[in-house]
>>> print(open('coords.cif').read())   # mmCIF, C-alpha atoms
data_query
#
loop_
_atom_site.label_atom_id
_atom_site.label_comp_id
_atom_site.auth_asym_id
_atom_site.auth_seq_id
_atom_site.Cartn_x
_atom_site.Cartn_y
_atom_site.Cartn_z
CA MET A 1 0.00 0.00 0.00
CA PRO A 2 1.28 3.47 -0.82
CA ALA A 3 1.66 5.85 2.10
CA MET A 4 -1.50 7.75 2.91
CA LYS A 5 -1.23 11.51 2.94
CA ARG A 6 -2.48 13.63 5.75
CA SER A 7 -4.80 16.25 4.29
CA VAL A 8 -4.25 19.89 5.23
CA THR A 9 -6.37 23.02 5.13
CA PRO A 10 -5.72 25.56 2.37
CA HIS A 11 -4.50 28.03 5.01
CA LYS A 12 -2.02 25.55 6.46
CA ALA A 13 -0.76 24.74 2.96
CA VAL A 14 -0.12 28.34 1.92
CA GLU A 15 1.91 28.93 5.09
CA LEU A 16 4.58 26.96 3.25
CA ILE A 17 4.70 29.61 0.52
CA PRO A 18 6.89 32.60 1.39
CA ASP A 19 6.53 36.04 -0.12
CA GLY A 20 8.59 36.25 -3.30
CA ALA A 21 8.13 32.58 -4.21
CA THR A 22 7.45 31.37 -7.74
CA ILE A 23 4.12 29.54 -8.01
CA MET A 24 2.59 27.62 -10.89
CA VAL A 25 -1.17 27.54 -10.86
CA GLY A 26 -3.31 25.29 -13.04
CA GLY A 27 -6.34 26.60 -14.89
CA PHE A 28 -7.58 27.99 -18.17
CA MET A 29 -9.74 31.12 -18.02
CA GLY A 30 -10.77 30.22 -14.48
CA VAL A 31 -11.57 26.59 -15.27
CA GLY A 32 -9.57 23.94 -13.41
CA SER A 33 -7.88 26.26 -10.92
CA PRO A 34 -7.32 25.43 -7.22
CA ASN A 35 -9.74 28.07 -5.99
CA ARG A 36 -9.53 27.42 -2.25
CA LEU A 37 -5.73 27.71 -2.36
CA ILE A 38 -6.07 30.95 -4.32
CA ASP A 39 -8.50 32.31 -1.72
CA ALA A 40 -6.03 31.34 1.04
CA LEU A 41 -3.17 33.12 -0.74
CA VAL A 42 -5.31 36.24 -0.96
CA ALA A 43 -6.46 35.98 2.67
CA SER A 44 -2.89 35.58 3.92
CA GLU A 45 -1.83 38.68 1.94
CA LYS A 46 1.05 37.08 0.07
CA ARG A 47 3.24 39.56 -1.79
CA ASN A 48 5.77 39.63 -4.63
CA LEU A 49 4.86 36.22 -5.96
CA THR A 50 5.91 35.21 -9.45
CA LEU A 51 3.00 33.45 -11.15
CA VAL A 52 3.33 30.92 -13.95
CA ALA A 53 -0.09 30.19 -15.46
CA ASN A 54 -1.80 30.02 -18.81
CA ASP A 55 -3.73 33.22 -18.17
CA THR A 56 -4.94 35.54 -15.41
CA ALA A 57 -8.62 34.58 -15.81
CA MET A 58 -11.07 37.41 -15.17
CA PRO A 59 -11.34 39.89 -12.28
CA GLY A 60 -12.95 38.16 -9.31
CA ARG A 61 -12.43 34.68 -10.70
CA GLY A 62 -9.68 32.12 -10.02
CA ILE A 63 -6.22 33.51 -10.68
CA GLY A 64 -7.79 36.92 -11.33
CA LYS A 65 -8.17 37.26 -7.54
CA LEU A 66 -4.38 37.11 -7.10
CA VAL A 67 -4.04 40.03 -9.53
CA SER A 68 -6.73 42.13 -7.80
CA ALA A 69 -5.33 41.46 -4.33
CA GLY A 70 -1.83 42.61 -5.30
CA CYS A 71 -0.20 39.26 -4.52
CA LEU A 72 1.83 39.24 -7.74
CA ALA A 73 4.98 41.02 -8.87
CA HIS A 74 5.57 39.02 -12.05
CA VAL A 75 3.29 37.06 -14.36
CA ILE A 76 4.46 34.55 -16.95
CA ALA A 77 1.42 33.66 -19.06
CA SER A 78 0.17 33.30 -22.62
CA HIS A 79 -2.95 35.43 -22.42
CA ILE A 80 -4.17 38.31 -20.24
CA GLY A 81 -6.87 39.57 -22.60
CA LEU A 82 -9.87 38.75 -20.42
CA ASN A 83 -8.44 40.49 -17.36
CA PRO A 84 -8.26 44.28 -17.80
CA GLU A 85 -6.74 44.61 -14.31
CA THR A 86 -3.65 42.65 -15.38
CA GLN A 87 -3.20 44.96 -18.36
CA ALA A 88 -3.80 48.07 -16.26
CA LYS A 89 -1.24 47.02 -13.62
CA MET A 90 1.23 46.11 -16.35
CA ASN A 91 0.78 49.48 -18.06
CA ALA A 92 1.17 51.28 -14.72
CA GLY A 93 4.47 49.46 -14.11
CA ASP A 94 3.10 47.65 -11.03
CA LEU A 95 3.26 44.19 -12.56
CA LYS A 96 5.88 42.65 -14.82
CA VAL A 97 4.26 40.49 -17.49
CA ASP A 98 6.09 38.07 -19.77
CA LEU A 99 3.90 36.72 -22.55
CA VAL A 100 4.80 33.26 -23.80
CA PRO A 101 3.06 31.36 -26.63
CA GLN A 102 0.75 28.82 -25.04
CA GLY A 103 2.34 25.77 -26.63
CA THR A 104 5.80 27.00 -25.66
CA LEU A 105 4.65 27.74 -22.12
CA VAL A 106 3.27 24.27 -21.49
CA GLU A 107 6.24 22.62 -23.15
CA CYS A 108 8.77 24.66 -21.15
CA ILE A 109 6.95 23.64 -17.97
CA ARG A 110 7.01 20.05 -19.18
CA ALA A 111 10.73 20.32 -19.95
CA ALA A 112 11.42 21.49 -16.41
CA GLY A 113 9.42 18.59 -15.04
CA VAL A 114 10.96 15.88 -17.17
CA GLY A 115 14.60 16.93 -17.00
CA LEU A 116 15.09 18.44 -20.44
CA GLY A 117 17.44 21.38 -20.88
CA ALA A 118 15.46 23.32 -23.48
CA VAL A 119 12.49 23.37 -25.80
CA ILE A 120 13.42 23.81 -29.44
CA THR A 121 10.35 25.16 -31.22
CA PRO A 122 9.46 26.89 -34.49
CA THR A 123 6.83 28.97 -32.66
CA GLY A 124 7.84 32.61 -32.17
CA ILE A 125 10.56 32.83 -34.83
CA GLY A 126 10.48 36.29 -36.44
CA THR A 127 8.31 37.74 -33.66
CA PRO A 128 9.08 39.70 -30.49
CA VAL A 129 9.06 36.37 -28.63
CA ALA A 130 12.42 35.54 -30.25
CA GLU A 131 14.18 38.72 -29.12
CA GLY A 132 17.35 37.98 -27.18
CA LYS A 133 17.01 34.22 -27.53
CA ASP A 134 19.24 31.67 -29.25
CA THR A 135 18.16 29.95 -32.44
CA LEU A 136 19.21 26.60 -33.86
CA GLU A 137 19.08 25.39 -37.43
CA ILE A 138 18.21 21.72 -37.72
CA ASP A 139 17.75 20.13 -41.16
CA GLY A 140 17.21 23.53 -42.73
CA VAL A 141 14.56 24.71 -40.27
CA THR A 142 15.22 27.51 -37.79
CA TYR A 143 14.03 26.91 -34.27
CA LEU A 144 13.90 29.04 -31.17
CA VAL A 145 15.62 27.75 -28.03
CA GLU A 146 13.35 28.23 -25.03
CA LYS A 147 14.47 27.50 -21.49
CA PRO A 148 12.56 25.28 -19.06
CA ILE A 149 10.16 26.99 -16.65
CA LYS A 150 10.05 25.64 -13.11
CA ALA A 151 8.51 26.82 -9.87
CA ASP A 152 8.95 26.55 -6.12
CA PHE A 153 5.33 25.47 -5.75
CA ALA A 154 2.80 23.96 -8.13
CA LEU A 155 -0.82 24.45 -7.11
CA ILE A 156 -2.94 21.84 -8.82
CA ALA A 157 -6.71 21.35 -9.18
CA ALA A 158 -8.01 17.83 -9.71
CA ARG A 159 -11.40 16.19 -9.90
CA GLN A 160 -10.39 13.61 -7.34
CA SER A 161 -7.53 12.20 -5.37
CA ASP A 162 -7.23 8.97 -3.45
CA TYR A 163 -5.80 8.92 0.07
CA ALA A 164 -2.32 8.42 -1.38
CA GLY A 165 -2.54 11.44 -3.70
CA ASN A 166 -3.12 9.81 -7.09
CA LEU A 167 -4.94 12.42 -9.17
CA GLU A 168 -7.65 12.21 -11.79
CA TYR A 169 -8.77 15.25 -13.75
CA ALA A 170 -12.03 16.40 -15.34
CA LEU A 171 -12.54 17.34 -18.99
CA THR A 172 -11.23 20.84 -19.76
CA ALA A 173 -10.34 21.38 -16.09
CA GLN A 174 -7.31 19.23 -16.87
CA ASN A 175 -5.40 21.81 -18.98
CA PHE A 176 -2.00 22.70 -17.43
CA ASN A 177 -2.51 20.76 -14.18
CA PRO A 178 -0.84 17.41 -14.97
CA THR A 179 2.15 19.15 -16.58
CA MET A 180 2.62 21.58 -13.68
CA ALA A 181 2.40 18.71 -11.19
CA MET A 182 5.81 17.63 -12.50
CA ALA A 183 7.48 21.04 -12.49
CA GLY A 184 7.04 22.36 -8.97
CA ASP A 185 9.59 21.64 -6.24
CA THR A 186 6.62 21.29 -3.89
CA VAL A 187 3.29 20.14 -5.29
CA ILE A 188 0.05 21.00 -3.50
CA ALA A 189 -3.06 19.36 -4.92
CA GLU A 190 -6.61 20.53 -4.31
CA PRO A 191 -9.05 17.78 -5.30
CA GLU A 192 -12.83 18.17 -5.36
CA HIS A 193 -13.25 14.68 -3.95
CA ILE A 194 -11.01 12.39 -1.93
CA VAL A 195 -11.64 8.65 -2.23
CA PRO A 196 -10.05 5.54 -0.70
CA VAL A 197 -7.01 4.04 -2.38
CA GLY A 198 -8.15 1.67 -5.12
CA MET A 199 -11.19 3.71 -6.11
CA ILE A 200 -9.40 5.40 -9.00
CA PRO A 201 -8.59 2.82 -11.68
CA PRO A 202 -4.85 2.85 -12.48
CA ASP A 203 -5.60 3.77 -16.12
CA SER A 204 -7.38 6.92 -14.92
CA VAL A 205 -4.53 8.20 -12.75
CA ARG A 206 -2.91 11.08 -14.63
CA THR A 207 -0.66 12.33 -11.83
CA PRO A 208 0.90 9.57 -9.74
CA ALA A 209 0.84 10.07 -5.98
CA ALA A 210 4.65 10.18 -5.82
CA LEU A 211 4.51 13.68 -7.37
CA VAL A 212 2.08 15.12 -4.83
CA ASP A 213 3.52 16.51 -1.59
CA HIS A 214 0.42 17.94 0.06
CA LEU A 215 -3.25 17.22 -0.34
CA ILE A 216 -5.85 19.83 0.52
CA GLU A 217 -8.77 18.48 2.54
CA ARG A 218 -11.98 18.37 0.60
CA ALA A 219 -14.49 21.15 0.97
CA LEU A 220 -17.45 20.11 3.12
CA MET B 1 -26.52 39.69 -43.29
CA ASP B 2 -23.88 41.49 -41.24
CA ALA B 3 -20.15 41.44 -41.97
CA LYS B 4 -19.30 38.79 -39.40
CA GLU B 5 -21.96 36.42 -40.65
CA SER B 6 -20.78 36.82 -44.26
CA ILE B 7 -17.23 36.05 -43.22
CA ALA B 8 -18.25 33.04 -41.13
CA ARG B 9 -20.38 31.62 -43.95
CA ARG B 10 -17.58 31.93 -46.47
CA VAL B 11 -14.92 30.50 -44.17
CA ALA B 12 -17.15 27.52 -43.34
CA GLN B 13 -16.90 26.46 -46.99
CA GLU B 14 -13.15 25.95 -46.57
CA ILE B 15 -13.71 23.15 -44.08
CA GLU B 16 -13.25 19.69 -45.58
CA PRO B 17 -15.18 16.61 -44.42
CA ALA B 18 -13.74 14.49 -41.59
CA THR B 19 -11.08 16.99 -40.56
CA LEU B 20 -9.80 18.35 -37.25
CA VAL B 21 -10.36 22.10 -37.05
CA ASN B 22 -9.48 24.76 -34.48
CA LEU B 23 -11.53 27.95 -34.38
CA GLY B 24 -10.13 31.00 -32.60
CA ILE B 25 -12.23 32.90 -30.09
CA GLY B 26 -14.47 35.75 -31.29
CA LEU B 27 -15.43 35.97 -34.96
CA PRO B 28 -13.78 32.65 -35.96
CA SER B 29 -15.95 30.74 -33.48
CA LEU B 30 -19.04 31.77 -35.50
CA VAL B 31 -17.85 29.55 -38.35
CA ALA B 32 -19.12 26.44 -36.54
CA ASN B 33 -22.69 27.70 -37.01
CA TYR B 34 -22.40 27.13 -40.77
CA VAL B 35 -20.73 23.71 -40.81
CA SER B 36 -23.14 20.82 -41.31
CA PRO B 37 -22.95 18.14 -38.59
CA ASP B 38 -23.04 15.62 -41.46
CA LEU B 39 -19.55 16.72 -42.48
CA GLY B 40 -17.95 14.70 -39.69
CA VAL B 41 -15.71 17.57 -38.60
CA PHE B 42 -14.21 17.57 -35.12
CA PHE B 43 -13.56 20.96 -33.59
CA GLN B 44 -10.61 21.22 -31.27
CA SER B 45 -10.68 23.75 -28.47
CA GLU B 46 -7.11 24.30 -27.33
CA ASN B 47 -8.02 24.38 -23.65
CA GLY B 48 -8.54 20.66 -23.89
CA VAL B 49 -11.30 19.10 -25.95
CA ILE B 50 -11.56 17.53 -29.38
CA GLY B 51 -15.19 17.34 -30.40
CA LEU B 52 -16.47 20.66 -29.13
CA GLY B 53 -20.27 20.80 -29.20
CA ALA B 54 -22.92 23.51 -28.93
CA ARG B 55 -23.88 25.34 -25.74
CA PRO B 56 -25.63 23.09 -23.20
CA PRO B 57 -29.27 23.74 -22.29
CA GLU B 58 -29.71 26.29 -19.51
CA GLY B 59 -29.11 24.73 -16.11
CA MET B 60 -27.17 21.81 -17.62
CA GLU B 61 -23.78 23.55 -17.81
CA ASP B 62 -20.71 21.68 -16.59
CA PRO B 63 -18.15 24.08 -15.06
CA ASP B 64 -15.40 21.69 -16.16
CA LEU B 65 -16.44 21.66 -19.84
CA THR B 66 -15.68 24.97 -21.51
CA ASP B 67 -14.21 26.49 -24.65
CA ALA B 68 -11.03 28.55 -24.91
CA GLY B 69 -12.94 31.70 -23.98
CA GLY B 70 -14.22 30.06 -20.79
CA GLY B 71 -17.78 29.68 -22.15
CA PHE B 72 -19.86 26.57 -21.41
CA VAL B 73 -19.93 23.97 -24.18
CA THR B 74 -20.82 20.33 -24.70
CA ALA B 75 -18.77 17.51 -26.16
CA VAL B 76 -20.07 15.52 -29.14
CA PRO B 77 -20.14 11.71 -29.15
CA GLY B 78 -16.61 10.55 -29.90
CA ALA B 79 -15.04 13.54 -28.17
CA ALA B 80 -11.71 13.36 -26.35
CA ALA B 81 -10.51 15.36 -23.34
CA ILE B 82 -6.82 16.27 -23.57
CA ASP B 83 -4.34 18.22 -21.51
CA SER B 84 -2.53 21.34 -22.72
CA ALA B 85 0.69 19.51 -23.65
CA MET B 86 -1.25 17.13 -25.91
CA SER B 87 -3.37 19.99 -27.23
CA PHE B 88 -0.35 21.99 -28.35
CA GLY B 89 1.51 18.90 -29.48
CA LEU B 90 -1.36 18.41 -31.90
CA ILE B 91 -1.24 22.05 -32.96
CA ARG B 92 2.52 22.49 -33.37
CA GLY B 93 2.93 18.95 -34.68
CA GLY B 94 0.83 19.53 -37.78
CA HIS B 95 -2.15 17.40 -36.72
CA ILE B 96 -4.70 20.20 -36.99
CA ASP B 97 -6.03 20.28 -40.56
CA MET B 98 -7.20 23.86 -40.44
CA THR B 99 -7.36 26.79 -38.07
CA VAL B 100 -9.39 29.96 -38.35
CA LEU B 101 -7.82 32.97 -36.65
CA GLY B 102 -8.92 36.55 -36.17
CA GLY B 103 -6.63 39.31 -37.37
CA LEU B 104 -5.57 42.86 -36.59
CA GLU B 105 -3.49 43.08 -39.78
CA VAL B 106 -2.55 40.83 -42.68
CA ASP B 107 0.04 42.02 -45.15
CA ALA B 108 0.94 41.41 -48.79
CA LYS B 109 3.28 38.59 -47.77
CA GLY B 110 0.48 36.85 -45.94
CA HIS B 111 1.93 37.66 -42.53
CA LEU B 112 -0.59 37.85 -39.73
CA ALA B 113 -0.51 40.17 -36.71
CA ASN B 114 -3.22 39.50 -34.13
CA TRP B 115 -1.96 39.53 -30.54
CA VAL B 116 -0.82 42.98 -29.46
CA ILE B 117 -1.20 46.68 -30.21
CA PRO B 118 1.86 48.02 -28.41
CA GLY B 119 0.97 50.62 -25.80
CA LYS B 120 -2.75 50.17 -26.35
CA LEU B 121 -3.95 46.62 -26.05
CA THR B 122 -2.07 43.56 -24.88
CA PRO B 123 -4.29 40.50 -24.87
CA GLY B 124 -1.34 38.20 -25.49
CA MET B 125 -0.85 35.54 -28.13
CA GLY B 126 -2.52 32.66 -26.28
CA GLY B 127 -2.40 29.80 -28.75
CA ALA B 128 -2.30 31.95 -31.89
CA MET B 129 1.46 31.73 -32.54
CA ASP B 130 1.45 27.95 -32.30
CA LEU B 131 -1.65 27.68 -34.47
CA ALA B 132 -0.32 30.07 -37.13
CA THR B 133 2.97 28.17 -37.17
CA GLY B 134 1.79 24.58 -36.93
CA ALA B 135 -1.70 24.10 -38.40
CA LYS B 136 -1.77 22.59 -41.89
CA LYS B 137 -3.98 25.38 -43.23
CA VAL B 138 -4.39 28.84 -41.71
CA VAL B 139 -7.42 30.95 -42.64
CA VAL B 140 -7.77 34.50 -41.34
CA ALA B 141 -11.34 35.65 -40.69
CA MET B 142 -11.47 39.38 -40.06
CA GLN B 143 -13.40 42.49 -40.95
CA HIS B 144 -11.85 44.36 -43.86
CA ALA B 145 -11.30 47.58 -41.97
CA ASN B 146 -11.25 48.90 -38.43
CA ARG B 147 -12.85 52.35 -38.09
CA GLY B 148 -12.20 52.97 -41.76
CA HIS B 149 -8.57 51.77 -41.69
CA SER B 150 -7.81 48.82 -43.94
CA LYS B 151 -6.61 45.76 -42.02
CA VAL B 152 -5.17 44.34 -45.24
CA VAL B 153 -1.87 46.26 -45.41
CA GLN B 154 1.32 46.27 -47.47
CA ASN B 155 3.55 45.50 -44.48
CA CYS B 156 2.32 44.71 -40.99
CA SER B 157 3.09 47.55 -38.60
CA LEU B 158 2.10 45.44 -35.60
CA PRO B 159 4.28 42.64 -34.18
CA LEU B 160 3.80 39.44 -36.17
CA THR B 161 2.12 36.30 -34.94
CA SER B 162 4.22 34.08 -37.22
CA THR B 163 6.48 34.48 -40.23
CA ARG B 164 4.73 31.55 -41.86
CA PRO B 165 2.30 33.06 -44.40
CA VAL B 166 -1.40 32.34 -43.93
CA ASP B 167 -3.22 30.39 -46.63
CA LEU B 168 -6.37 32.45 -47.10
CA VAL B 169 -7.79 35.77 -45.92
CA VAL B 170 -11.56 36.22 -45.78
CA THR B 171 -13.20 39.58 -45.10
CA GLU B 172 -16.78 40.73 -45.67
CA LEU B 173 -15.63 42.30 -48.95
CA ALA B 174 -13.06 39.95 -50.40
CA VAL B 175 -11.16 36.67 -50.38
CA PHE B 176 -7.38 36.92 -50.87
CA ARG B 177 -4.79 34.20 -51.31
CA PRO B 178 -1.25 35.16 -50.29
CA THR B 179 1.37 33.87 -52.74
CA PRO B 180 5.15 34.35 -52.90
CA ALA B 181 4.43 37.03 -55.54
CA GLY B 182 1.93 38.84 -53.31
CA LEU B 183 -1.78 38.85 -52.60
CA VAL B 184 -4.21 37.56 -55.18
CA LEU B 185 -7.85 38.62 -55.05
CA LEU B 186 -9.89 35.47 -55.64
CA GLU B 187 -13.41 36.64 -54.82
CA HIS B 188 -15.41 39.74 -54.09
CA ALA B 189 -18.57 39.88 -51.99
CA PRO B 190 -21.98 40.16 -53.62
CA GLY B 191 -22.84 43.84 -53.98
CA THR B 192 -19.27 45.09 -54.00
CA ASP B 193 -16.85 45.52 -56.88
CA LEU B 194 -13.17 45.67 -57.67
CA GLU B 195 -13.03 49.46 -57.39
CA THR B 196 -14.47 49.37 -53.88
CA ILE B 197 -11.97 46.73 -52.82
CA ARG B 198 -9.08 48.72 -54.34
CA ALA B 199 -10.25 51.84 -52.54
CA THR B 200 -10.55 50.12 -49.16
CA THR B 201 -7.43 47.94 -49.25
CA LEU B 202 -3.97 49.28 -48.35
CA ALA B 203 -2.06 46.30 -49.77
CA ASP B 204 -1.19 45.86 -53.43
CA PHE B 205 -2.87 42.82 -54.93
CA GLU B 206 -3.26 41.03 -58.22
CA VAL B 207 -6.69 40.07 -59.47
CA SER B 208 -7.21 36.41 -60.26
CA PRO B 209 -8.21 35.75 -63.88
CA ASP B 210 -10.92 33.58 -62.33
CA LEU B 211 -12.27 36.33 -60.05
CA SER B 212 -15.64 35.21 -58.77
CA VAL B 213 -18.38 36.30 -56.39
CA MET B 214 -18.13 35.10 -52.76
CA SER B 215 -20.62 32.38 -52.05
CA LEU B 216 -22.49 32.89 -48.80
CA ARG B 217 -24.32 29.58 -48.74
CA PRO B 218 -26.06 28.03 -46.93
CA ASP B 219 -28.72 30.75 -47.34
#
>>> encode(input="coords.cif", output="structure tokens")
Amino acid sequence: MPAMKRSVTPHKAVELIPDGATIMVGGFMGVGSPNRLIDALVASEKRNLTLVANDTAMPGRGIGKLVSAGCLAHVIASHIGLNPETQAKMNAGDLKVDLVPQGTLVECIRAAGVGLGAVITPTGIGTPVAEGKDTLEIDGVTYLVEKPIKADFALIAARQSDYAGNLEYALTAQNFNPTMAMAGDTVIAEPEHIVPVGMIPPDSVRTPAALVDHLIERAL
Amino acid sequence: MDAKESIARRVAQEIEPATLVNLGIGLPSLVANYVSPDLGVFFQSENGVIGLGARPPEGMEDPDLTDAGGGFVTAVPGAAAIDSAMSFGLIRGGHIDMTVLGGLEVDAKGHLANWVIPGKLTPGMGGAMDLATGAKKVVVAMQHANRGHSKVVQNCSLPLTSTRPVDLVVTELAVFRPTPAGLVLLEHAPGTDLETIRATTLADFEVSPDLSVMSLRPD
């Protein structure tokens, strides 16, 4: 039997995260984000965090709350178009924003998680994304060399976990979560449901328990 | 019929049976309304579903089943849920048969700019750079002009989305095909003429010897 995890409250979990840390947060336009962890980050008034996420959702929703609450100093994301607050803070110089093509972003996170030294991609060649970066020519095609993106903490949303921390995801709430679960030094998973070991068929486990450090207790 | 509907109807005719198609958010997403379910097309939504379906009935929404804009959708029979790494592996890897993207500018070389207006608007590229680089066929669906300014230009002034030329540009007035020699006007909309298109287009273009009228079926 795999070791059972002791579940923790969102507040207890975010005590691990110091100001200035780099966090990866799953989600796509507010779907599939660990919302109770986000609320705990806001409530504990974290500051100067670097956020790696696909997007900053919308004001008042998911990751958007971290923007509104002033928790972030730096955002690395592919899209901020649905959150005017992110753009306003960026334009005012209060928030550094690095925009990364979505496929490059997920692949750089994957690279960090799977021990690869770079992502070599055609995406971004001839655009501002390529500025200051190395290129490589392979078989006549020019590629951009993109570095892995890792984080101190990965905050993951899952449909369910078993007591050991094996995770299963739901439909489009999956998005960046399984990839980020490999790229954080410390992985905190927030499942909607927690079930006994053996209830999730092995074929359905997308993130093996060995990757998960802390499990958030389910909401009652 | 308004401009967006004309564009969506014309773009829908580019979609081949039994293909995998990605529609961008906004105007491109309207294209699905004019594609017959009998065509056997699967729509990919890059947030993680192949086999995107229509909006669910009210009260039946699933918060974990959404499109790339965060709107509630359904999944058709035969659909697959995928994570972002798989989604963009499909896109960059050339497994998407066609994508329809919105545009801020397209130039005479077929270059697309659609993700930032420096100093004014910074939505970000999202998946557009990967789609414009990796999809087998790239169709731009955009209105011909913005507040009277042609969006079909000689050289993009905005930062590019990709240096790979797009395959077709559809506006409410015209259909252009970018070629190594420049833009070729293939079709004009019903009720407009070559002079109007010349007067409202900033890019140089050749006129196809087979110039025809844009079909807006199904009507």
>>> resolve_selection(input="coords.cif", expression="the PyMOL selection byres ((chain B) within 10 of (chain A))", output="JSON list (two decimals) with C-alpha atoms, in the coordinates of the input")
[["chain", "number", "residue", "atom", "x", "y", "z"],
["B", 45, "SER", "CA", -10.68, 23.75, -28.47],
["B", 46, "GLU", "CA", -7.11, 24.30, -27.33],
["B", 47, "ASN", "CA", -8.02, 24.38, -23.65],
["B", 48, "GLY", "CA", -8.54, 20.66, -23.89],
["B", 49, "VAL", "CA", -11.30, 19.10, -25.95],
["B", 62, "ASP", "CA", -20.71, 21.68, -16.59],
["B", 63, "PRO", "CA", -18.15, 24.08, -15.06],
["B", 64, "ASP", "CA", -15.40, 21.69, -16.16],
["B", 65, "LEU", "CA", -16.44, 21.66, -19.84],
["B", 66, "THR", "CA", -15.68, 24.97, -21.51],
["B", 67, "ASP", "CA", -14.21, 26.49, -24.65],
["B", 68, "ALA", "CA", -11.03, 28.55, -24.91],
["B", 69, "GLY", "CA", -12.94, 31.70, -23.98],
["B", 70, "GLY", "CA", -14.22, 30.06, -20.79],
["B", 71, "GLY", "CA", -17.78, 29.68, -22.15],
["B", 75, "ALA", "CA", -18.77, 17.51, -26.16],
["B", 80, "ALA", "CA", -11.71, 13.36, -26.35],
["B", 81, "ALA", "CA", -10.51, 15.36, -23.34],
["B", 82, "ILE", "CA", -6.82, 16.27, -23.57],
["B", 83, "ASP", "CA", -4.34, 18.22, -21.51],
["B", 84, "SER", "CA", -2.53, 21.34, -22.72],
["B", 85, "ALA", "CA", 0.69, 19.51, -23.65],
["B", 86, "MET", "CA", -1.25, 17.13, -25.91],
["B", 87, "SER", "CA", -3.37, 19.99, -27.23],
["B", 88, "PHE", "CA", -0.35, 21.99, -28.35],
["B", 89, "GLY", "CA", 1.51, 18.90, -29.48],
["B", 90, "LEU", "CA", -1.36, 18.41, -31.90],
["B", 91, "ILE", "CA", -1.24, 22.05, -32.96],
["B", 92, "ARG", "CA", 2.52, 22.49, -33.37],
["B", 113, "ALA", "CA", -0.51, 40.17, -36.71],
["B", 115, "TRP", "CA", -1.96, 39.53, -30.54],
["B", 116, "VAL", "CA", -0.82, 42.98, -29.46],
["B", 119, "GLY", "CA", 0.97, 50.62, -25.80],
["B", 120, "LYS", "CA", -2.75, 50.17, -26.35],
["B", 121, "LEU", "CA", -3.95, 46.62, -26.05],
["B", 122, "THR", "CA", -2.07, 43.56, -24.88],
["B", 123, "PRO", "CA", -4.29, 40.50, -24.87],
["B", 124, "GLY", "CA", -1.34, 38.20, -25.49],
["B", 125, "MET", "CA", -0.85, 35.54, -28.13],
["B", 126, "GLY", "CA", -2.52, 32.66, -26.28],
["B", 127, "GLY", "CA", -2.40, 29.80, -28.75],
["B", 128, "ALA", "CA", -2.30, 31.95, -31.89],
["B", 129, "MET", "CA", 1.46, 31.73, -32.54],
["B", 130, "ASP", "CA", 1.45, 27.95, -32.30],
["B", 131, "LEU", "CA", -1.65, 27.68, -34.47],
["B", 132, "ALA", "CA", -0.32, 30.07, -37.13],
["B", 133, "THR", "CA", 2.97, 28.17, -37.17],
["B", 134, "GLY", "CA", 1.79, 24.58, -36.93],
["B", 159, "PRO", "CA", 4.28, 42.64, -34.18],
["B", 160, "LEU", "CA", 3.80, 39.44, -36.17],
["B", 161, "THR", "CA", 2.12, 36.30, -34.94],
["B", 162, "SER", "CA", 4.22, 34.08, -37.22],
["B", 163, "THR", "CA", 6.48, 34.48, -40.23],
["B", 164, "ARG", "CA", 4.73, 31.55, -41.86]]
>>> resolve_selection(input="coords.cif", expression="the PyMOL selection byres ((chain B and resi 108) around 6)", output="list in words")
Asp107, Lys109, Gly110, Gln154, Gly182, Leu183 and Ala203 of chain B
>>> atom_distance(input="coords.cif", atom1="atom CA of Ile15 of chain B", atom2="atom CA of Glu195 of chain B")
29.5 Å
>>> resolve_selection(input="coords.cif", expression="the PyMOL selection byres ((chain A and resi 144-146) around 6)", output="PDB file with C-alpha atoms, in the coordinates of the input")
ATOM      1  CA  ALA A 118      15.460  23.320 -23.480  1.00  0.00           C
ATOM      2  CA  VAL A 119      12.490  23.370 -25.800  1.00  0.00           C
ATOM      3  CA  ILE A 120      13.420  23.810 -29.440  1.00  0.00           C
ATOM      4  CA  THR A 121      10.350  25.160 -31.220  1.00  0.00           C
ATOM      5  CA  PRO A 122       9.460  26.890 -34.490  1.00  0.00           C
ATOM      6  CA  ASP A 134      19.240  31.670 -29.250  1.00  0.00           C
ATOM      7  CA  THR A 135      18.160  29.950 -32.440  1.00  0.00           C
ATOM      8  CA  TYR A 143      14.030  26.910 -34.270  1.00  0.00           C
ATOM      9  CA  LYS A 147      14.470  27.500 -21.490  1.00  0.00           C
TER      10      LYS A 147
END
>>> atom_distance(input="coords.cif", atom1="atom CA of Pro34 of chain A", atom2="atom CA of Asn48 of chain A")
19.5 Å
>>> closest_residue(input="coords.cif", among="B:Gly78, B:Gly59, B:Pro180, B:Pro28", to="Phe42 of chain B", atoms="only C-alpha atoms")
B:Gly78
>>> atom_distance(input="coords.cif", atom1="atom CA of Leu104 of chain B", atom2="atom CA of Met142 of chain B")
7.7 Å
>>> residues_near_point(input="coords.cif", point="(1.1, 42.5, -10.7)", cutoff="6 Å", atoms="all atoms listed in the file", output="CSV table (one decimal) with C-alpha atoms, in the frame of the given file")
chain,number,residue,atom,x,y,z
A,67,VAL,CA,-4.0,40.0,-9.5
A,72,LEU,CA,1.8,39.2,-7.7
A,73,ALA,CA,5.0,41.0,-8.9
A,74,HIS,CA,5.6,39.0,-12.0
A,89,LYS,CA,-1.2,47.0,-13.6
A,94,ASP,CA,3.1,47.6,-11.0
A,95,LEU,CA,3.3,44.2,-12.6
>>> residues_around(input="coords.cif", residues="segment 168-178 of chain B", least_positions_apart="5", cutoff="10 Å", atoms="only C-alpha atoms", output="PyMOL selection string")
chain B and resi 2-11+14+100-103+106-112+137-145+151-152+183-194+196-197+200-201+205-208+211-214
